[in-house]
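Coordinates as given in entry_26.csv (CSV, C-alpha atoms):
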```csv
chain,number,residue,atom,x,y,z
A,2,MET,CA,-80.9,64.5,-18.2
A,3,LYS,CA,-84.6,64.3,-17.4
A,4,ASP,CA,-84.6,67.5,-15.3
A,5,ALA,CA,-82.5,69.4,-17.9
A,6,ILE,CA,-85.0,68.6,-20.7
A,7,ILE,CA,-88.0,69.6,-18.5
A,8,GLN,CA,-86.3,72.9,-17.5
A,9,TRP,CA,-85.5,73.6,-21.2
A,10,ILE,CA,-89.2,73.1,-22.1
A,11,ARG,CA,-90.4,75.3,-19.2
A,12,SER,CA,-88.0,78.1,-20.3
A,13,PHE,CA,-90.3,78.8,-23.2
A,14,TYR,CA,-93.0,80.0,-20.8
A,15,GLY,CA,-91.0,82.5,-18.8
A,16,THR,CA,-88.1,82.3,-16.5
A,17,THR,CA,-89.3,84.6,-13.7
A,18,ASN,CA,-93.1,84.5,-14.1
A,19,PHE,CA,-93.9,80.9,-15.2
A,20,ASN,CA,-97.1,80.7,-17.2
A,21,HIS,CA,-98.8,77.5,-15.9
A,22,SER,CA,-102.0,77.8,-18.0
A,23,ALA,CA,-100.2,78.1,-21.3
A,24,TYR,CA,-97.8,75.4,-20.4
A,25,ASP,CA,-100.6,73.0,-19.4
A,26,GLN,CA,-102.6,73.7,-22.6
A,27,GLN,CA,-99.6,73.0,-24.9
A,28,ALA,CA,-98.2,70.0,-22.9
A,29,ILE,CA,-99.9,67.5,-25.1
A,30,TYR,CA,-98.2,69.0,-28.2
A,31,TRP,CA,-94.9,68.9,-26.5
A,32,ALA,CA,-95.5,65.2,-25.7
A,33,ILE,CA,-96.5,64.3,-29.2
A,34,GLY,CA,-93.5,66.1,-30.7
A,35,MET,CA,-91.1,64.6,-28.3
A,36,PHE,CA,-92.6,61.2,-28.9
A,37,ALA,CA,-92.1,61.6,-32.6
A,38,VAL,CA,-88.5,62.6,-32.0
A,39,LEU,CA,-88.0,59.7,-29.6
A,40,VAL,CA,-89.3,57.2,-32.3
A,41,ALA,CA,-87.0,58.7,-34.9
A,42,PHE,CA,-84.0,58.5,-32.5
A,43,SER,CA,-84.9,55.0,-31.6
A,44,LEU,CA,-85.0,53.9,-35.2
A,45,ALA,CA,-81.6,55.6,-35.7
A,46,VAL,CA,-80.3,53.7,-32.6
A,47,TRP,CA,-81.7,50.5,-34.0
A,48,TYR,CA,-80.0,51.0,-37.3
A,49,ILE,CA,-76.7,51.9,-35.6
A,50,SER,CA,-76.9,48.9,-33.3
A,51,ARG,CA,-77.6,46.6,-36.3
A,52,VAL,CA,-74.6,48.0,-38.1
A,53,ILE,CA,-72.3,47.5,-35.1
A,54,LEU,CA,-73.7,44.1,-34.0
A,55,ILE,CA,-74.3,42.7,-37.4
A,56,LYS,CA,-71.7,44.0,-39.8
A,57,VAL,CA,-68.8,44.6,-37.3
A,58,LEU,CA,-69.4,41.3,-35.4
A,59,TYR,CA,-69.9,39.3,-38.6
A,60,ALA,CA,-66.5,40.6,-39.8
A,61,LEU,CA,-64.9,39.5,-36.5
A,62,VAL,CA,-66.7,36.1,-36.8
A,63,ASP,CA,-65.2,35.6,-40.2
A,64,ARG,CA,-61.7,36.1,-38.8
A,65,SER,CA,-62.3,33.9,-35.8
A,66,LYS,CA,-61.2,30.3,-35.7
A,67,SER,CA,-63.8,29.3,-33.2
A,68,SER,CA,-67.0,27.6,-34.4
A,69,LEU,CA,-69.1,29.0,-31.4
A,70,ASP,CA,-69.6,32.4,-33.0
A,71,ASP,CA,-70.3,30.8,-36.3
A,72,HIS,CA,-73.3,29.1,-34.8
A,73,LEU,CA,-74.4,32.3,-33.1
A,74,VAL,CA,-74.4,34.0,-36.5
A,75,LYS,CA,-76.2,31.1,-38.2
A,76,ASN,CA,-79.0,31.2,-35.6
A,77,LYS,CA,-79.3,35.0,-35.8
A,78,VAL,CA,-78.6,35.6,-32.1
A,79,PHE,CA,-76.9,38.9,-32.7
A,80,ARG,CA,-79.9,40.1,-34.8
A,81,SER,CA,-82.3,39.5,-32.0
A,82,LEU,CA,-80.0,41.2,-29.5
A,83,ALA,CA,-79.8,44.3,-31.8
A,84,HIS,CA,-83.5,44.9,-31.0
A,85,LEU,CA,-82.8,45.4,-27.3
A,86,VAL,CA,-80.7,48.5,-27.7
A,87,PRO,CA,-83.5,50.8,-29.2
A,88,LEU,CA,-86.1,49.3,-26.9
A,89,MET,CA,-84.1,50.1,-23.8
A,90,PHE,CA,-83.3,53.6,-25.2
A,91,MET,CA,-87.1,54.2,-25.7
A,92,ASP,CA,-87.9,52.8,-22.2
A,93,TYR,CA,-85.5,55.3,-20.6
A,94,PHE,CA,-86.8,58.4,-22.4
A,95,LEU,CA,-90.6,57.6,-22.2
A,96,SER,CA,-90.6,59.0,-18.6
A,97,ILE,CA,-89.3,62.3,-20.0
A,98,VAL,CA,-91.7,62.5,-22.9
A,99,PHE,CA,-94.9,61.7,-20.9
A,100,TYR,CA,-93.9,63.1,-17.5
A,101,GLN,CA,-97.1,65.1,-17.4
A,102,PHE,CA,-99.2,62.1,-18.5
A,103,PRO,CA,-98.5,59.3,-16.0
A,104,SER,CA,-101.3,57.0,-17.3
A,105,MET,CA,-100.1,57.2,-20.9
A,106,HIS,CA,-96.5,56.7,-19.7
A,107,GLY,CA,-97.6,53.7,-17.7
A,108,GLY,CA,-99.3,52.0,-20.7
A,109,LEU,CA,-96.5,52.7,-23.1
A,110,SER,CA,-93.8,51.6,-20.6
A,111,LYS,CA,-95.6,48.3,-20.1
A,112,LEU,CA,-95.8,47.8,-23.9
A,113,VAL,CA,-92.0,48.5,-24.2
A,114,ALA,CA,-91.3,46.2,-21.3
A,115,VAL,CA,-93.2,43.4,-22.9
A,116,LEU,CA,-91.3,44.0,-26.2
A,117,ILE,CA,-88.0,43.9,-24.3
A,118,LEU,CA,-89.0,40.6,-22.6
A,119,PHE,CA,-90.0,39.2,-26.0
A,120,ALA,CA,-86.7,40.2,-27.5
A,121,VAL,CA,-84.8,38.6,-24.6
A,122,MET,CA,-86.9,35.4,-25.0
A,123,ILE,CA,-86.2,35.2,-28.7
A,124,SER,CA,-82.5,35.7,-28.0
A,125,ILE,CA,-82.4,33.0,-25.4
A,126,ASN,CA,-84.2,30.5,-27.7
A,127,ARG,CA,-81.9,31.3,-30.6
A,128,GLY,CA,-78.9,30.9,-28.2
A,129,LEU,CA,-80.3,27.5,-27.3
A,130,ASN,CA,-80.5,26.6,-31.0
A,131,ALA,CA,-76.8,27.6,-31.4
A,132,PHE,CA,-75.8,25.5,-28.4
A,133,ARG,CA,-77.8,22.6,-29.8
A,134,ASP,CA,-75.9,22.8,-33.1
A,135,ILE,CA,-72.6,22.9,-31.2
A,136,ILE,CA,-73.5,19.8,-29.3
A,137,LYS,CA,-74.7,17.9,-32.4
A,138,GLU,CA,-71.2,18.4,-34.0
A,139,LYS,CA,-69.7,16.2,-31.3
A,140,ASP,CA,-69.6,12.5,-32.3
A,141,VAL,CA,-70.8,11.4,-28.9
A,142,TYR,CA,-74.2,13.3,-29.4
A,143,SER,CA,-74.5,13.2,-33.2
A,144,ASP,CA,-77.0,10.3,-33.1
A,145,LYS,CA,-78.9,11.3,-30.0
A,146,PRO,CA,-82.3,13.0,-29.9
A,147,ILE,CA,-80.8,16.3,-28.8
A,148,GLN,CA,-83.4,18.3,-30.7
A,149,SER,CA,-86.2,17.0,-28.3
A,150,TYR,CA,-84.4,18.2,-25.2
A,151,PHE,CA,-83.8,21.7,-26.6
A,152,GLN,CA,-87.4,21.9,-27.7
A,153,VAL,CA,-88.5,21.2,-24.2
A,154,GLY,CA,-86.0,23.8,-22.9
A,155,LYS,CA,-87.4,26.4,-25.3
A,156,ILE,CA,-91.0,25.6,-24.2
A,157,VAL,CA,-90.0,26.1,-20.6
A,158,VAL,CA,-88.2,29.4,-21.4
A,159,SER,CA,-91.1,30.7,-23.4
A,160,GLY,CA,-93.6,29.7,-20.7
A,161,ILE,CA,-91.6,31.5,-18.0
A,162,PHE,CA,-91.3,34.7,-20.1
A,163,LEU,CA,-95.0,34.5,-21.0
A,164,ILE,CA,-95.9,34.5,-17.3
A,165,ILE,CA,-93.6,37.5,-16.7
A,166,MET,CA,-95.2,39.4,-19.6
A,167,LEU,CA,-98.6,38.8,-18.2
A,168,SER,CA,-97.4,39.9,-14.8
A,169,VAL,CA,-96.1,43.2,-16.3
A,170,VAL,CA,-99.3,43.8,-18.3
A,171,THR,CA,-101.7,43.1,-15.4
A,172,SER,CA,-99.4,44.4,-12.6
A,173,LYS,CA,-99.8,41.1,-10.7
A,174,SER,CA,-97.2,38.9,-9.2
A,175,PRO,CA,-96.0,35.9,-11.3
A,176,VAL,CA,-97.0,33.7,-8.4
A,177,PHE,CA,-100.6,34.5,-9.1
A,178,PHE,CA,-100.3,33.0,-12.6
A,179,LEU,CA,-98.4,30.0,-11.3
A,180,THR,CA,-101.1,29.2,-8.8
A,181,SER,CA,-103.7,29.7,-11.5
A,182,LEU,CA,-102.1,27.0,-13.6
A,183,GLY,CA,-103.5,24.3,-11.3
A,184,ALA,CA,-107.1,25.3,-12.3
A,185,VAL,CA,-106.3,24.9,-16.0
A,186,SER,CA,-103.9,21.9,-15.7
A,187,ALA,CA,-106.5,19.5,-17.3
A,188,ILE,CA,-106.8,21.9,-20.3
A,189,LEU,CA,-103.0,22.2,-20.6
A,190,LEU,CA,-102.6,18.4,-20.5
A,191,LEU,CA,-105.2,18.1,-23.3
A,192,VAL,CA,-103.6,20.8,-25.4
A,193,PHE,CA,-100.0,19.6,-24.8
A,194,LYS,CA,-100.8,15.9,-24.8
A,195,ASP,CA,-98.7,15.1,-27.9
A,196,THR,CA,-95.8,17.3,-26.6
A,197,ILE,CA,-95.8,15.5,-23.3
A,198,LEU,CA,-96.0,12.0,-24.9
A,199,GLY,CA,-93.3,13.0,-27.4
A,200,PHE,CA,-91.0,14.2,-24.6
A,201,VAL,CA,-91.5,11.0,-22.6
A,202,GLY,CA,-91.0,9.0,-25.7
A,203,SER,CA,-87.8,10.8,-26.7
A,204,ILE,CA,-86.3,10.2,-23.2
A,205,GLN,CA,-87.2,6.5,-23.3
A,206,LEU,CA,-85.7,6.2,-26.8
A,207,SER,CA,-82.5,7.9,-25.7
A,208,VAL,CA,-82.1,6.1,-22.3
A,209,ASN,CA,-82.9,2.6,-23.8
A,210,ASP,CA,-80.9,3.4,-27.0
A,211,MET,CA,-83.8,2.2,-29.2
A,212,ILE,CA,-83.1,4.4,-32.2
A,213,ARG,CA,-80.5,6.9,-33.2
A,214,ILE,CA,-80.1,9.4,-36.0
A,215,GLY,CA,-78.8,7.4,-39.0
A,216,ASP,CA,-80.4,4.1,-38.0
A,217,TRP,CA,-82.3,2.2,-40.7
A,218,VAL,CA,-85.8,1.4,-39.3
A,219,THR,CA,-88.8,-0.4,-40.7
A,220,MET,CA,-92.3,0.4,-39.4
A,221,GLU,CA,-95.0,-1.2,-41.5
A,222,LYS,CA,-97.8,0.5,-39.7
A,223,PHE,CA,-96.7,3.9,-41.0
A,224,GLY,CA,-95.2,2.6,-44.3
A,225,ALA,CA,-91.7,3.7,-43.1
A,226,ASP,CA,-88.6,1.8,-44.3
A,227,GLY,CA,-85.5,4.0,-44.4
A,228,GLU,CA,-83.0,6.1,-42.4
A,229,VAL,CA,-83.8,8.2,-39.4
A,230,GLU,CA,-83.0,11.8,-40.3
A,231,GLU,CA,-84.3,13.7,-37.3
A,232,ILE,CA,-85.8,13.0,-33.9
A,233,ASN,CA,-87.9,15.9,-32.6
A,234,LEU,CA,-90.1,16.4,-29.6
A,235,ALA,CA,-93.3,15.4,-31.4
A,236,THR,CA,-92.1,13.5,-34.6
A,237,VAL,CA,-89.4,11.3,-36.0
A,238,LYS,CA,-88.5,11.9,-39.7
A,239,VAL,CA,-87.6,8.8,-41.7
A,240,ARG,CA,-86.3,9.1,-45.3
A,241,ASN,CA,-87.4,6.0,-47.1
A,242,PHE,CA,-85.4,4.0,-49.6
A,243,ASP,CA,-87.4,5.7,-52.4
A,244,LYS,CA,-86.4,9.1,-51.0
A,245,THR,CA,-89.9,9.9,-49.7
A,246,ILE,CA,-90.1,11.1,-46.1
A,247,THR,CA,-92.4,9.5,-43.5
A,248,THR,CA,-93.2,11.5,-40.3
A,249,ILE,CA,-94.0,9.3,-37.3
A,250,PRO,CA,-95.1,10.4,-33.8
A,251,THR,CA,-92.2,9.9,-31.4
A,252,TYR,CA,-94.3,8.1,-28.9
A,253,SER,CA,-95.2,5.5,-31.5
A,254,PHE,CA,-91.7,4.0,-31.3
A,255,ILE,CA,-92.6,3.2,-27.7
A,256,SER,CA,-96.2,2.0,-28.1
A,257,ASP,CA,-95.8,0.2,-31.4
A,258,SER,CA,-93.5,-2.4,-32.9
A,259,PHE,CA,-90.7,-1.5,-35.3
A,260,ARG,CA,-87.5,-3.0,-36.7
A,261,ASN,CA,-84.1,-1.4,-36.3
A,262,TRP,CA,-81.4,-2.7,-38.7
A,263,ARG,CA,-78.6,-1.2,-36.6
A,264,GLY,CA,-77.7,-4.7,-35.3
A,265,MET,CA,-77.1,-5.9,-38.8
A,266,GLN,CA,-75.1,-2.7,-39.7
A,267,GLU,CA,-72.9,-3.2,-36.6
A,268,SER,CA,-72.3,-6.9,-37.2
A,269,GLU,CA,-69.8,-8.5,-39.5
A,270,GLY,CA,-72.3,-9.4,-42.2
A,271,ARG,CA,-75.8,-9.3,-43.5
A,272,ARG,CA,-78.0,-12.4,-43.3
A,273,ILE,CA,-79.3,-14.5,-46.2
A,274,LYS,CA,-82.3,-16.6,-45.1
A,275,ARG,CA,-84.1,-18.0,-48.1
A,276,SER,CA,-85.6,-21.4,-49.1
A,277,VAL,CA,-85.8,-23.5,-52.3
A,278,TYR,CA,-88.8,-25.8,-52.5
A,279,ILE,CA,-88.1,-29.2,-53.8
A,280,GLN,CA,-90.9,-31.3,-55.4
A,281,ILE,CA,-91.4,-34.4,-53.2
A,282,ASP,CA,-91.9,-36.9,-56.0
A,283,SER,CA,-88.5,-36.0,-57.4
A,284,ILE,CA,-86.8,-37.2,-54.2
A,285,HIS,CA,-85.3,-40.7,-54.3
A,286,PHE,CA,-82.2,-42.8,-53.4
A,287,ALA,CA,-79.2,-41.9,-55.4
A,288,SER,CA,-78.3,-44.5,-58.0
A,289,GLU,CA,-74.8,-45.7,-58.7
A,290,ASP,CA,-74.8,-43.7,-61.9
A,291,LEU,CA,-75.9,-40.5,-60.1
A,292,ILE,CA,-73.3,-41.0,-57.4
A,293,LYS,CA,-70.6,-41.6,-60.0
A,294,GLN,CA,-71.6,-38.5,-61.9
A,295,LEU,CA,-71.8,-36.3,-58.7
A,296,GLY,CA,-68.4,-37.7,-57.6
A,297,LYS,CA,-66.9,-35.7,-60.5
A,298,ILE,CA,-67.8,-32.5,-58.6
A,299,LYS,CA,-64.6,-31.4,-56.8
A,300,ILE,CA,-66.2,-30.1,-53.6
A,301,LEU,CA,-68.4,-33.3,-53.3
A,302,ASN,CA,-65.9,-35.9,-54.2
A,303,ASN,CA,-64.3,-36.4,-50.8
A,304,PHE,CA,-67.7,-36.4,-49.0
A,305,ILE,CA,-69.2,-39.0,-51.4
A,306,GLN,CA,-66.2,-41.3,-51.0
A,307,GLU,CA,-66.2,-41.1,-47.2
A,308,ARG,CA,-69.9,-41.5,-47.0
A,309,GLU,CA,-70.0,-44.5,-49.3
A,310,LYS,CA,-67.3,-46.2,-47.3
A,311,GLU,CA,-69.1,-45.5,-44.1
A,312,ILE,CA,-72.4,-46.8,-45.5
A,313,GLN,CA,-70.9,-50.0,-46.8
A,314,GLU,CA,-69.2,-50.7,-43.5
A,315,TYR,CA,-72.4,-50.1,-41.6
A,316,ASN,CA,-74.5,-52.3,-44.0
A,317,LYS,CA,-72.0,-55.1,-43.9
A,318,LYS,CA,-71.7,-54.9,-40.1
A,319,ASN,CA,-75.5,-55.1,-39.6
A,320,GLY,CA,-76.1,-57.7,-42.4
A,321,PHE,CA,-78.1,-55.4,-44.6
A,322,VAL,CA,-77.2,-57.4,-47.8
A,323,GLY,CA,-79.1,-59.6,-50.1
A,324,GLU,CA,-82.7,-59.8,-49.0
A,325,GLN,CA,-82.1,-57.4,-46.2
A,326,ALA,CA,-80.8,-54.7,-48.5
A,327,ILE,CA,-84.1,-53.0,-48.3
A,328,ASN,CA,-83.1,-51.9,-44.7
A,329,ALA,CA,-79.7,-50.8,-45.8
A,330,ARG,CA,-78.5,-47.2,-45.6
A,331,LYS,CA,-78.4,-45.3,-48.9
A,332,GLN,CA,-77.6,-41.8,-50.0
A,333,THR,CA,-80.4,-39.7,-51.3
A,334,ASN,CA,-80.3,-37.1,-54.0
A,335,ILE,CA,-81.7,-34.4,-51.8
A,336,GLY,CA,-79.1,-35.2,-49.1
A,337,LEU,CA,-76.3,-34.8,-51.6
A,338,PHE,CA,-77.9,-31.6,-52.8
A,339,ARG,CA,-77.9,-30.2,-49.2
A,340,ARG,CA,-74.3,-31.1,-48.8
A,341,TYR,CA,-73.4,-29.6,-52.1
A,342,ILE,CA,-75.0,-26.2,-51.2
A,343,GLU,CA,-73.2,-26.3,-47.9
A,344,TYR,CA,-69.8,-26.9,-49.4
A,345,TYR,CA,-70.6,-24.4,-52.2
A,346,LEU,CA,-71.2,-21.7,-49.6
A,347,GLN,CA,-68.1,-22.6,-47.6
A,348,HIS,CA,-66.0,-22.0,-50.7
A,349,ASN,CA,-67.8,-18.8,-51.7
A,350,PRO,CA,-65.5,-15.8,-51.0
A,351,GLU,CA,-68.4,-13.5,-50.6
A,352,VAL,CA,-69.9,-15.5,-47.7
A,353,ASN,CA,-68.6,-14.7,-44.2
A,354,GLN,CA,-67.2,-18.0,-42.8
A,355,ASN,CA,-66.9,-16.6,-39.3
A,356,MET,CA,-70.6,-16.3,-38.8
A,357,GLN,CA,-73.4,-18.9,-38.8
A,358,LEU,CA,-73.6,-21.0,-42.0
A,359,LEU,CA,-76.4,-23.6,-42.3
A,360,VAL,CA,-78.3,-25.5,-44.9
A,361,ARG,CA,-81.2,-27.3,-43.4
A,362,GLN,CA,-84.4,-29.1,-44.4
A,363,LEU,CA,-87.6,-27.6,-43.0
A,364,ASP,CA,-91.1,-29.2,-42.5
A,365,SER,CA,-92.6,-30.3,-45.8
A,366,SER,CA,-95.8,-28.6,-47.0
A,367,ASP,CA,-98.2,-28.5,-49.9
A,368,LYS,CA,-95.4,-26.7,-51.8
A,369,GLY,CA,-92.8,-29.5,-51.3
A,370,VAL,CA,-89.7,-29.8,-49.1
A,371,PRO,CA,-88.0,-26.5,-48.3
A,372,ILE,CA,-84.2,-26.4,-48.3
A,373,GLU,CA,-83.3,-23.3,-46.4
A,374,VAL,CA,-80.0,-21.4,-46.9
A,375,TYR,CA,-78.9,-19.5,-43.8
A,376,CYS,CA,-75.7,-17.6,-44.0
A,377,PHE,CA,-74.2,-14.1,-43.9
A,378,THR,CA,-72.5,-12.1,-46.6
A,379,LYS,CA,-69.3,-10.1,-45.8
A,380,THR,CA,-70.7,-6.9,-47.2
A,381,LYS,CA,-73.6,-5.1,-45.7
A,382,VAL,CA,-74.2,-2.7,-48.6
A,383,TRP,CA,-77.7,-3.2,-50.0
A,384,ASN,CA,-77.0,-3.5,-53.7
A,385,GLU,CA,-73.9,-5.7,-53.2
A,386,PHE,CA,-75.9,-7.9,-50.8
A,387,GLU,CA,-78.7,-8.4,-53.4
A,388,LEU,CA,-76.2,-9.2,-56.1
A,389,ILE,CA,-74.5,-11.8,-54.0
A,390,THR,CA,-77.8,-13.4,-53.0
A,391,ALA,CA,-79.0,-13.5,-56.6
A,392,ASP,CA,-75.7,-15.1,-57.7
A,393,ILE,CA,-76.0,-17.8,-55.0
A,394,PHE,CA,-79.6,-18.8,-55.9
A,395,ASP,CA,-78.9,-18.5,-59.6
A,396,HIS,CA,-76.3,-21.2,-59.1
A,397,ILE,CA,-78.6,-23.3,-56.9
A,398,PHE,CA,-81.5,-23.2,-59.4
A,399,ALA,CA,-79.2,-24.1,-62.2
A,400,ILE,CA,-77.6,-27.1,-60.4
A,401,VAL,CA,-80.8,-28.7,-59.2
A,402,PRO,CA,-81.5,-30.8,-62.3
A,403,LEU,CA,-78.0,-32.3,-61.9
A,404,PHE,CA,-79.2,-34.0,-58.7
A,405,GLU,CA,-82.4,-35.3,-60.5
A,406,LEU,CA,-84.5,-33.0,-58.4
A,407,THR,CA,-87.3,-30.7,-59.5
A,408,ILE,CA,-88.2,-27.3,-58.0
A,409,PHE,CA,-91.8,-26.9,-57.0
A,410,GLU,CA,-93.9,-24.4,-59.0
A,411,SER,CA,-97.6,-23.8,-58.6
A,412,PRO,CA,-99.5,-24.9,-61.7
A,413,THR,CA,-100.4,-22.2,-64.3
A,414,GLY,CA,-103.1,-22.0,-66.9
A,415,LYS,CA,-100.6,-23.5,-69.4
A,416,ASP,CA,-100.1,-26.5,-67.1
A,417,PHE,CA,-103.8,-27.2,-66.9
A,418,ARG,CA,-104.2,-26.9,-70.7
A,419,ASN,CA,-101.4,-29.4,-71.2
```
I need this file expressed as C-alpha cells, please.
Amino acid sequence: MKDAIIQWIRSFYGTTNFNHSAYDQQAIYWAIGMFAVLVAFSLAVWYISRVILIKVLYALVDRSKSSLDDHLVKNKVFRSLAHLVPLMFMDYFLSIVFYQFPSMHGGLSKLVAVLILFAVMISINRGLNAFRDIIKEKDVYSDKPIQSYFQVGKIVVSGIFLIIMLSVVTSKSPVFFLTSLGAVSAILLLVFKDTILGFVGSIQLSVNDMIRIGDWVTMEKFGADGEVEEINLATVKVRNFDKTITTIPTYSFISDSFRNWRGMQESEGRRIKRSVYIQIDSIHFASEDLIKQLGKIKILNNFIQEREKEIQEYNKKNGFVGEQAINARKQTNIGLFRRYIEYYLQHNPEVNQNMQLLVRQLDSSDKGVPIEVYCFTKTKVWNEFELITADIFDHIFAIVPLFELTIFESPTGKDFRN
C-alpha cells in the first residue's frame, strides 16, 4: 500500500519524464494534506472502534450470564482498548505521510508509540481493577486487604511502562534506566516512603490476620471507633459509630496500639464488666430481722437457710457461744448482697450462662467497696446490649437499700450546704 500511494502521488509530476524539482518543492504540502487526511481517518476509526467495542460489546455483556465481562465494563477496560485501534492505524500510515521527511516521521512515530504504550498501561491497570473486584466477590477474600496488593501491582506495571516510554523517547535501552535507578534509590525511598511502609504494613496485617474489612476497631490516637470499610496501600478507612470517616495510615496498625472487637463478635456473647461502689460505713453484720426479711426473696431463701445452718453448726462445734460469741461466724449484708446479684444474674434469661459469670469484691478505696459484675450477654448487638446492661444495674441500684447498704456518691454543693 505504501508503494502504491507514493506512485500515485508521483504520477502528478509526469509518468515518462519525472519532474523532481516540482515534486520536491510541493512535497511539504502533500505531507500536510495527507497528515490532515490521516488525522480525519484516525478519528473516524476511533469512532467506529468505540461503536463496535462499546455499544456492540455492551449489548453482548448484557446478555451474558458471566460476571467477568460485567466487571470489565464497570472498570472501562473496553473504552481504553478502543484507543489502541486509531493509534495503531496512525502509526502504520505515518511512514507513508512523511516518507520524505524522516526526522519528522521519527518524532511523530515516537509520540504515537508513547501514546500506544500509555493506552496499553491504562488497559492493564483497569484490567487489574476488574480482576480485583472479581476476587473481592469471593467470600474467602472479601475481608482481606486485596486493594493493597493490586495497588502495588499497578505501581509496578506503571513503572515498567514508564521506563519503556523513556526508552522509546530517548532511543536508549531500558537497561540504562534500570541501572540508573541505583543512583536515585535514596530519593525514591524518600518519595515512596509512605507507599513502602503501607505495603509492608498491609502484608503484616494480612499475614497476622490483625484486621479485616468489616472489623470494629478502636484507635484512640486517631479518634477512630468504628467499622473498617477499606484497606488501601497507604490508608485504612474506618467509619465511626457517628457515621464520620477516619483515615489512618496503614502502617500505624503495626506501630501503634489498637483494639479489635472481632473476638467479641465471634464469641457467644458480649461482656459486662461494671462495678457498684458501696459506702463502707453501711456494711455490718446482718441482723435476725434483716435475715428474716431477705429470706422471703425466693432466689436467696435456700442459700440463707443452708448458710445459717452451716454457721450455727460451726459456732456450736467451736464453742463460739455466750461470751465467745464475738468470734462467731455471722452473715453480712454485703455478703448477702453479692450472693443475691449472683443468683439474679444466673436467673436472668438475657445473660449467657455458658460463659464466665462472676460477682466479686475488689480492693476498697476512697470511693468505698466496689462490687464488680462480670458476665456476658447472649446478644452482641450494641443497642440491645446497652438495654440489658441498663436493666441489670437499674435493678441492682433499686435493690441496694433492701440490704441496708448505701451506694457511694461524691459530695455535692447541696451536701456541703446541708
If you count all atoms listed in the file, which residues fall within 12 Å of A:Arg260, apart from same-chain ones fewer than 4 positions away, as a PDB file with C-alpha atoms, keeping the file's coordinate frame?
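selection_15.pdb written:
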```pdb
ATOM      1  CA  MET A 211     -83.800   2.200 -29.200  1.00  0.00           C
ATOM      2  CA  ILE A 212     -83.100   4.400 -32.200  1.00  0.00           C
ATOM      3  CA  ASP A 216     -80.400   4.100 -38.000  1.00  0.00           C
ATOM      4  CA  TRP A 217     -82.300   2.200 -40.700  1.00  0.00           C
ATOM      5  CA  VAL A 218     -85.800   1.400 -39.300  1.00  0.00           C
ATOM      6  CA  THR A 219     -88.800  -0.400 -40.700  1.00  0.00           C
ATOM      7  CA  MET A 220     -92.300   0.400 -39.400  1.00  0.00           C
ATOM      8  CA  GLU A 221     -95.000  -1.200 -41.500  1.00  0.00           C
ATOM      9  CA  LYS A 222     -97.800   0.500 -39.700  1.00  0.00           C
ATOM     10  CA  ALA A 225     -91.700   3.700 -43.100  1.00  0.00           C
ATOM     11  CA  ASP A 226     -88.600   1.800 -44.300  1.00  0.00           C
ATOM     12  CA  GLY A 227     -85.500   4.000 -44.400  1.00  0.00           C
ATOM     13  CA  GLU A 228     -83.000   6.100 -42.400  1.00  0.00           C
ATOM     14  CA  PHE A 254     -91.700   4.000 -31.300  1.00  0.00           C
ATOM     15  CA  GLY A 264     -77.700  -4.700 -35.300  1.00  0.00           C
ATOM     16  CA  MET A 265     -77.100  -5.900 -38.800  1.00  0.00           C
TER      17      MET A 265
END
```
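Shortest atom-to-atom contact with A:Glu410 among A:Ile279, A:Leu88, A:Arg64, A:Glu230: A:Ile279, counting all atoms listed in the file.
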**OP:** Show which residues sit within 10 Å of stretch 194-199 of chain A, as a PyMOL selection string. Count all atoms listed in the file, and ignore same-chain residues fewer than 2 positions away.
**Re:** chain A and resi 149+152-153+156+188-192+201-205+232-237+250-255
Subject >> Counting all atoms listed in the file, the option among A:Gln332, A:Pro175, A:Pro87, A:Leu403 closest to A:Glu307 >> reply: A:Gln332
**OP:** For A:Gln280, list every protein, DNA or RNA residue within 6 Å, evaluated using all atoms listed in the file, and leave out those in the same chain fewer than 3 positions away; present the list as JSON, numbers by chain.
**Re:** {"A": [283, 369, 407, 408, 409]}
N, CA and C atoms are needed for stretch 43-52 of chain A; please write them out as a PDB file, in the frame of the given file.
```
ATOM      1  N   SER A  43     -84.981  56.393 -31.833  1.00  0.00           N
ATOM      2  CA  SER A  43     -84.900  55.000 -31.600  1.00  0.00           C
ATOM      3  C   SER A  43     -84.655  54.165 -32.821  1.00  0.00           C
ATOM      4  N   LEU A  44     -85.270  54.600 -33.929  1.00  0.00           N
ATOM      5  CA  LEU A  44     -85.000  53.900 -35.200  1.00  0.00           C
ATOM      6  C   LEU A  44     -83.531  54.133 -35.614  1.00  0.00           C
ATOM      7  N   ALA A  45     -83.017  55.323 -35.351  1.00  0.00           N
ATOM      8  CA  ALA A  45     -81.600  55.600 -35.700  1.00  0.00           C
ATOM      9  C   ALA A  45     -80.704  54.699 -34.803  1.00  0.00           C
ATOM     10  N   VAL A  46     -81.044  54.595 -33.507  1.00  0.00           N
ATOM     11  CA  VAL A  46     -80.300  53.700 -32.600  1.00  0.00           C
ATOM     12  C   VAL A  46     -80.352  52.288 -33.049  1.00  0.00           C
ATOM     13  N   TRP A  47     -81.551  51.886 -33.478  1.00  0.00           N
ATOM     14  CA  TRP A  47     -81.700  50.500 -34.000  1.00  0.00           C
ATOM     15  C   TRP A  47     -80.852  50.237 -35.172  1.00  0.00           C
ATOM     16  N   TYR A  48     -80.814  51.197 -36.092  1.00  0.00           N
ATOM     17  CA  TYR A  48     -80.000  51.000 -37.300  1.00  0.00           C
ATOM     18  C   TYR A  48     -78.510  50.964 -36.942  1.00  0.00           C
ATOM     19  N   ILE A  49     -78.096  51.860 -36.047  1.00  0.00           N
ATOM     20  CA  ILE A  49     -76.700  51.900 -35.600  1.00  0.00           C
ATOM     21  C   ILE A  49     -76.307  50.579 -34.926  1.00  0.00           C
ATOM     22  N   SER A  50     -77.193  50.125 -34.043  1.00  0.00           N
ATOM     23  CA  SER A  50     -76.900  48.900 -33.300  1.00  0.00           C
ATOM     24  C   SER A  50     -76.808  47.702 -34.242  1.00  0.00           C
ATOM     25  N   ARG A  51     -77.655  47.678 -35.277  1.00  0.00           N
ATOM     26  CA  ARG A  51     -77.600  46.600 -36.300  1.00  0.00           C
ATOM     27  C   ARG A  51     -76.273  46.666 -37.049  1.00  0.00           C
ATOM     28  N   VAL A  52     -75.856  47.874 -37.386  1.00  0.00           N
ATOM     29  CA  VAL A  52     -74.600  48.000 -38.100  1.00  0.00           C
ATOM     30  C   VAL A  52     -73.442  47.511 -37.299  1.00  0.00           C
TER      31      VAL A  52
END
```
